[in-house]
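A.B. asks: Sharing a structure below in structure tokens format, with a few things to ask.
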Amino acid sequence: MKTFKVLTLLAVVLILSAFAVNTIGKVGEGSKGYNVGDIAADFSLKNIDGEQVSLNDYKDAKGFVVIFTCNTCPFSVANENRIIALDLKYKNQGYPVIAINPNNPEAQPGDSFEKMQVRAKEKGYTFPYLLDEGQKIYPAYGATKTPHVYLLHKTARGNEVKYIGAIDDNSRNEAAVKERFLENAINALLEGKEIEVTETRAIGCSIKV
Amino acid sequence: MKQLYLYFLLTCLSCGEKNNTTTIDEEVNGRAFATVDFEGYEAYLTEVKAPVVVVNFWATWCKPCIKELPYFEKLGKNYQDDVSVVLVSLDFPDQIERLEQFIEKHKLESQVVLLDDGNANEWIPKVDQDWSGAIPATIIFNKGERSFFEQSFTYEELEKQVKTFL
């Protein structure tokens, strides 16, 4: 009988501790990633050429245009040419594009590493296109969709998040764009001015987990 | 019939007070859904009469949206007296045929509205302050309360949420 009581007690303790762990897990999930002003973590992710890429590799960069994007989302596809143009325009000024595919290829086969290689070649990507293997980086940033942009600026503290959101105000149709949010933000950094619009939103595809 | 009603309603919304004599002409319209900008969308929602309204933002190219769509259809059927389901499509305006074919193929019973408003940065926060812009996304509301979900649903989860509004 005593053994039974001890076992019951043990079970209760185990169940309670399971709940405790669960609650802590939930709190972690609730954190929504970076806000403007936060320092973004570096990463080491596999590029389509097989090499690992980290922000730390770019000694001369003033910052980075980190874009979570993929092959399959129509909004990402609608922005491919714009992303290439951004890289060509700003890489030499110190803000290269770093594209990261956050989708799990098992959930979205069109976003596999091999398919990423194919798409990058077809479009002639001028920037690294990295796979968020294990899907650890996008939650740290707080990306929820593709495309989702984080503009980073190198400071003594690390890479500070300066702008989060959309490339411009019309992701479906470039011809109808009136305001280029991301370019305005990079230009402000280059000119040493305050960024006027630091957060914007756009429709995108949820990240496939 | 629902769709006819919807068309009629939206026609009136878009024609405003200028023209109240617009008749339902499916030959001219030829579509099972109406296209609205954000203002039209808001006006439309104020006209839905059901005690509980479920608005789902989706698109034919959005895989998780398509997966959960049957649950919204089922919800609309099972609670037809109390719940009105509105499927707000974010399909590209130049791919309208895709949406038409989808509605026909899947025999969608819920009301479908195509939201064609390019400046998403303006209207996303108006839909909900918490919405990052990822789809699927769903709003459930009644006269007094409102909940927003940036997530996928199972039927059970959806029903559970809706029941709290009944």
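Ordered as shown in the structure tokens, chains take letters A, B, and onward, while each chain numbers its residues from 1 and ligands are numbered from 1 in the order shown.
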Counting only C-alpha atoms, which residues of chain A sit at most 9 Å from some atom of chain B, and what is each one's closest atom pair with its distance in Å to one decimal, listed by chain and rising residue number, as CSV?
C.D. replies:
```
residue,atom,partner,partner_atom,distance
A:Cys73,CA,B:Cys62,CA,7.9
A:Pro74,CA,B:Trp61,CA,7.5
A:Ala143,CA,B:Ser132,CA,8.9
A:Thr144,CA,B:Ala134,CA,6.5
A:Lys145,CA,B:Ala134,CA,5.3
A:Thr146,CA,B:Ala134,CA,8.0
A:Gly165,CA,B:Ser132,CA,8.7
A:Ala166,CA,B:Asn121,CA,8.1
A:Asp168,CA,B:Asn121,CA,8.8
A:Asp169,CA,B:Asn119,CA,5.4
A:Asn170,CA,B:Gly118,CA,5.3
A:Ser171,CA,B:Gly118,CA,7.6
A:Arg172,CA,B:Phe92,CA,7.1
A:Asn173,CA,B:Gly118,CA,7.8
A:Ala176,CA,B:Gly118,CA,8.0
A:Val177,CA,B:Asn119,CA,8.7
A:Thr200,CA,B:Asn121,CA,5.7
A:Arg201,CA,B:Asn121,CA,4.7
A:Ala202,CA,B:Ala120,CA,5.3
A:Ile203,CA,B:Gly133,CA,4.2
A:Gly204,CA,B:Ala134,CA,4.7
A:Cys205,CA,B:Ala134,CA,5.3
A:Ser206,CA,B:Ala134,CA,4.9
A:Ile207,CA,B:Ala134,CA,8.2
A:Lys208,CA,B:Pro64,CA,8.5
```
A.B. asks: Which residues come within 9 Å of segment 39-53 of chain B, counting only C-alpha atoms, excluding same-chain residues fewer than 3 positions away, as a PDB file with C-alpha atoms, in the first residue's frame?
C.D. replies:
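Writing done, so here's around.pdb:
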```
ATOM      1  CA  LEU B   6     -24.377  38.630 -52.176  1.00  0.00           C
ATOM      2  CA  LEU B   9     -25.927  43.403 -52.002  1.00  0.00           C
ATOM      3  CA  LEU B  10     -22.532  44.314 -53.357  1.00  0.00           C
ATOM      4  CA  LEU B  13     -22.939  48.900 -52.130  1.00  0.00           C
ATOM      5  CA  SER B  14     -20.836  49.813 -55.087  1.00  0.00           C
ATOM      6  CA  THR B  35     -14.657  42.077 -56.180  1.00  0.00           C
ATOM      7  CA  VAL B  36     -14.265  44.716 -53.506  1.00  0.00           C
ATOM      8  CA  GLN B  80     -26.524  27.812 -41.010  1.00  0.00           C
ATOM      9  CA  ASP B  81     -29.048  29.555 -38.755  1.00  0.00           C
ATOM     10  CA  ASP B  82     -26.442  31.154 -36.532  1.00  0.00           C
ATOM     11  CA  VAL B  83     -23.222  31.500 -38.467  1.00  0.00           C
ATOM     12  CA  SER B  84     -22.383  33.214 -41.720  1.00  0.00           C
ATOM     13  CA  VAL B  85     -19.076  32.246 -43.309  1.00  0.00           C
ATOM     14  CA  VAL B  86     -17.395  34.763 -45.607  1.00  0.00           C
ATOM     15  CA  VAL B  88     -12.254  36.559 -48.529  1.00  0.00           C
ATOM     16  CA  VAL B 113     -15.481  37.944 -51.903  1.00  0.00           C
ATOM     17  CA  LEU B 114     -12.350  38.837 -53.853  1.00  0.00           C
ATOM     18  CA  LEU B 115     -10.490  41.553 -51.979  1.00  0.00           C
ATOM     19  CA  VAL B 127      -8.433  43.985 -40.297  1.00  0.00           C
ATOM     20  CA  ILE B 139     -11.842  36.533 -37.696  1.00  0.00           C
ATOM     21  CA  ILE B 140     -14.864  35.432 -35.679  1.00  0.00           C
ATOM     22  CA  PHE B 141     -17.225  38.079 -34.392  1.00  0.00           C
ATOM     23  CA  ASN B 142     -20.697  38.771 -33.107  1.00  0.00           C
ATOM     24  CA  LYS B 143     -22.292  41.999 -31.949  1.00  0.00           C
ATOM     25  CA  VAL B 162     -17.279  29.554 -32.828  1.00  0.00           C
ATOM     26  CA  PHE B 165     -19.610  33.222 -29.739  1.00  0.00           C
ATOM     27  CA  LEU B 166     -23.031  31.561 -29.950  1.00  0.00           C
TER      28      LEU B 166
END
```
A.B. asks: Which residue, A:Ile39, A:Ile137, A:Leu45, A:Ile67, has the smallest gap to Val161 of chain A when you use only C-alpha atoms?
C.D. replies: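 Looking at the shortest contact to Val161 of chain A, the residue is A:Ile39.
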A.B. asks: Taking into account only C-alpha atoms, which residue in the set A:Glu51, A:Glu160, A:Asp38, A:Glu183 is nearest to Ile83 of chain A?
C.D. replies: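 Answer, going by the shortest atom-to-atom distance: A:Glu183.
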A.B. asks: Calculated over only C-alpha atoms, which of the candidates B:Glu104, B:Glu159, B:Asp116, B:Asp130 has the smallest distance to Leu75 of chain B?
C.D. replies: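 Comparing B:Glu104, B:Glu159, B:Asp116, B:Asp130 against Leu75 of chain B, the winner is B:Glu159.
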A.B. asks: Need to verify the contact set: segment 89-95 of chain A, 9 Å, only C-alpha atoms, exclusion of same-chain residues closer than 3 positions in sequence. Can you return it as a list in words?
C.D. replies: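 The residues that qualify are Asp60, Ala61, Lys62, Gly63, Phe64, Val65, Ile84, Ala85, Leu86, Phe127, Leu151, Leu152, His153, Glu183, Ile186 and Leu190 of chain A.
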A.B. asks: Quick one: write out the picked residues with N, CA and C atoms as a CSV table (one decimal), in the first residue's frame?
C.D. replies:
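Below you can see selection-v7.csv, which holds the result:
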```csv
chain,number,residue,atom,x,y,z
A,60,ASP,N,33.1,43.8,-44.8
A,60,ASP,CA,32.9,45.2,-45.3
A,60,ASP,C,31.5,45.7,-45.4
A,61,ALA,N,30.6,44.9,-45.1
A,61,ALA,CA,29.2,45.3,-45.2
A,61,ALA,C,28.8,46.3,-44.1
A,62,LYS,N,27.9,47.2,-44.4
A,62,LYS,CA,27.4,48.2,-43.4
A,62,LYS,C,26.2,47.6,-42.7
A,63,GLY,N,25.6,46.6,-43.4
A,63,GLY,CA,24.4,46.0,-42.9
A,63,GLY,C,23.9,45.0,-43.9
A,64,PHE,N,22.7,44.6,-43.7
A,64,PHE,CA,22.1,43.5,-44.5
A,64,PHE,C,20.6,43.7,-44.8
A,65,VAL,N,20.2,43.2,-46.0
A,65,VAL,CA,18.8,43.1,-46.3
A,65,VAL,C,18.5,41.6,-46.2
A,84,ILE,N,16.3,41.0,-56.7
A,84,ILE,CA,17.5,41.0,-57.5
A,84,ILE,C,18.0,42.5,-57.7
A,85,ALA,N,17.0,43.3,-58.1
A,85,ALA,CA,17.3,44.7,-58.3
A,85,ALA,C,17.8,45.4,-57.1
A,86,LEU,N,17.2,45.0,-55.9
A,86,LEU,CA,17.7,45.6,-54.6
A,86,LEU,C,19.1,45.2,-54.4
A,127,PHE,N,22.5,36.9,-55.1
A,127,PHE,CA,22.7,37.0,-53.7
A,127,PHE,C,22.6,35.5,-53.1
A,151,LEU,N,15.7,44.6,-42.2
A,151,LEU,CA,16.9,45.4,-42.6
A,151,LEU,C,17.8,45.6,-41.4
A,152,LEU,N,19.0,45.1,-41.5
A,152,LEU,CA,20.0,45.2,-40.4
A,152,LEU,C,21.1,46.2,-40.6
A,153,HIS,N,21.5,46.8,-39.6
A,153,HIS,CA,22.6,47.8,-39.7
A,153,HIS,C,23.7,47.5,-38.6
A,183,GLU,N,13.5,50.5,-49.7
A,183,GLU,CA,14.6,51.3,-50.3
A,183,GLU,C,14.6,52.7,-49.6
A,186,ILE,N,16.7,52.0,-46.5
A,186,ILE,CA,18.2,51.8,-46.8
A,186,ILE,C,18.8,53.2,-47.1
A,190,LEU,N,21.9,55.1,-45.4
A,190,LEU,CA,23.1,55.6,-46.2
A,190,LEU,C,23.3,57.1,-46.0
```
A.B. asks: Do you have the atom CA of Ala78 of chain A-atom CA of Arg119 of chain A distance handy?
C.D. replies: 13.4 Å
A.B. asks: Just the number, please: distance in Å from atom CA of Phe68 of chain A to atom CA of Glu157 of chain B, one decimal.
C.D. replies: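 A separation of 29.1 Å between them.
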A.B. asks: Which parts of segment 75-128 of chain A does DSSP call strand (DSSP E) when run on the backbone here, written out as a PyMOL selection string?
C.D. replies: chain A and resi 97-101
A.B. asks: Store the residues picked out above in a file with N, CA and C atoms, as a PDB file, in the first residue's frame.
C.D. replies:
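Once written, selection.pdb looks like this:
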```pdb
ATOM      1  N   VAL A  97      21.789  41.750 -50.126  1.00  0.00           N
ATOM      2  CA  VAL A  97      20.614  40.922 -49.818  1.00  0.00           C
ATOM      3  C   VAL A  97      21.087  39.542 -49.366  1.00  0.00           C
ATOM      4  N   ILE A  98      20.490  39.051 -48.286  1.00  0.00           N
ATOM      5  CA  ILE A  98      20.681  37.665 -47.865  1.00  0.00           C
ATOM      6  C   ILE A  98      19.284  37.038 -47.855  1.00  0.00           C
ATOM      7  N   ALA A  99      19.018  36.126 -48.789  1.00  0.00           N
ATOM      8  CA  ALA A  99      17.689  35.507 -48.849  1.00  0.00           C
ATOM      9  C   ALA A  99      17.710  34.187 -48.087  1.00  0.00           C
ATOM     10  N   ILE A 100      16.678  33.963 -47.289  1.00  0.00           N
ATOM     11  CA  ILE A 100      16.575  32.728 -46.510  1.00  0.00           C
ATOM     12  C   ILE A 100      15.218  32.077 -46.779  1.00  0.00           C
ATOM     13  N   ASN A 101      15.256  30.808 -47.166  1.00  0.00           N
ATOM     14  CA  ASN A 101      14.006  30.057 -47.329  1.00  0.00           C
ATOM     15  C   ASN A 101      13.650  29.405 -45.990  1.00  0.00           C
TER      16      ASN A 101
END
```
A.B. asks: When distances are computed from only C-alpha atoms, which of A:Val36, A:Val77, A:Leu130, A:Leu88 shows the smallest separation from Ile48 of chain A?
C.D. replies: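 Residue with the minimum atom-to-atom distance to Ile48 of chain A: A:Leu130.
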A.B. asks: Return as a PyMOL selection string the full set of residues in segment 12-195 of chain A whose backbone-based DSSP assignment is helix (DSSP H, G or I).
C.D. replies: chain A and resi 12-30+55-57+74-77+80-90+109-111+113-123+137-141+174-176+181-190
A.B. asks: For the residues selected in the previous step, produce a file with C-alpha atoms as a short mmCIF file (atom, residue, chain, number, x, y, z; two decimals), in the first residue's frame.
C.D. replies:
```
data_model
loop_
_atom_site.label_atom_id
_atom_site.label_comp_id
_atom_site.auth_asym_id
_atom_site.auth_seq_id
_atom_site.Cartn_x
_atom_site.Cartn_y
_atom_site.Cartn_z
CA VAL A 12 1.45 13.52 -9.48
CA VAL A 13 4.85 15.16 -9.29
CA LEU A 14 5.67 13.98 -12.78
CA ILE A 15 2.41 15.27 -14.19
CA LEU A 16 2.83 18.62 -12.47
CA SER A 17 6.36 19.03 -13.70
CA ALA A 18 5.23 18.13 -17.19
CA PHE A 19 2.73 20.99 -16.98
CA ALA A 20 5.40 23.32 -15.69
CA VAL A 21 7.70 22.53 -18.62
CA ASN A 22 4.80 22.90 -20.99
CA THR A 23 4.01 26.36 -19.66
CA ILE A 24 7.60 27.50 -20.06
CA GLY A 25 7.56 26.19 -23.62
CA LYS A 26 4.43 28.23 -24.34
CA VAL A 27 6.00 31.41 -23.03
CA GLY A 28 8.89 30.88 -25.42
CA GLU A 29 6.53 30.40 -28.35
CA GLY A 30 4.70 33.55 -27.44
CA LEU A 55 26.60 37.60 -41.57
CA ASN A 56 30.00 37.66 -39.90
CA ASP A 57 31.58 36.67 -43.26
CA PRO A 74 3.16 33.73 -55.40
CA PHE A 75 4.01 36.87 -53.46
CA SER A 76 7.64 35.77 -53.28
CA VAL A 77 7.63 34.99 -56.99
CA GLU A 80 11.94 37.96 -57.30
CA ASN A 81 12.95 40.60 -59.80
CA ARG A 82 12.61 43.34 -57.21
CA ILE A 83 14.87 41.44 -54.81
CA ILE A 84 17.53 41.02 -57.50
CA ALA A 85 17.30 44.74 -58.33
CA LEU A 86 17.65 45.62 -54.64
CA ASP A 87 20.77 43.48 -54.33
CA LEU A 88 22.33 44.99 -57.45
CA LYS A 89 21.55 48.50 -56.27
CA TYR A 90 22.62 48.20 -52.64
CA PRO A 109 8.53 20.00 -51.62
CA GLY A 110 8.74 22.91 -54.07
CA ASP A 111 11.03 24.61 -51.57
CA PHE A 113 17.30 22.66 -51.40
CA GLU A 114 17.54 21.24 -54.95
CA LYS A 115 14.55 23.27 -56.11
CA MET A 116 16.09 26.36 -54.53
CA GLN A 117 19.21 25.76 -56.61
CA VAL A 118 17.13 25.41 -59.75
CA ARG A 119 15.13 28.57 -59.12
CA ALA A 120 18.20 30.63 -58.23
CA LYS A 121 19.86 29.55 -61.46
CA GLU A 122 16.78 30.24 -63.59
CA LYS A 123 16.42 33.74 -62.17
CA ILE A 137 16.38 31.11 -37.66
CA TYR A 138 13.00 32.38 -38.86
CA PRO A 139 11.36 32.00 -35.41
CA ALA A 140 14.30 33.84 -33.80
CA TYR A 141 13.67 36.74 -36.18
CA GLU A 174 5.30 46.31 -59.20
CA ALA A 175 3.86 48.70 -61.74
CA ALA A 176 1.40 49.95 -59.12
CA PHE A 181 9.43 51.20 -47.96
CA LEU A 182 12.61 49.13 -47.94
CA GLU A 183 14.55 51.35 -50.33
CA ASN A 184 13.51 54.43 -48.37
CA ALA A 185 14.82 52.79 -45.21
CA ILE A 186 18.16 51.82 -46.77
CA ASN A 187 18.54 55.27 -48.31
CA ALA A 188 17.94 56.86 -44.93
CA LEU A 189 20.66 54.65 -43.40
CA LEU A 190 23.06 55.57 -46.19
#
```
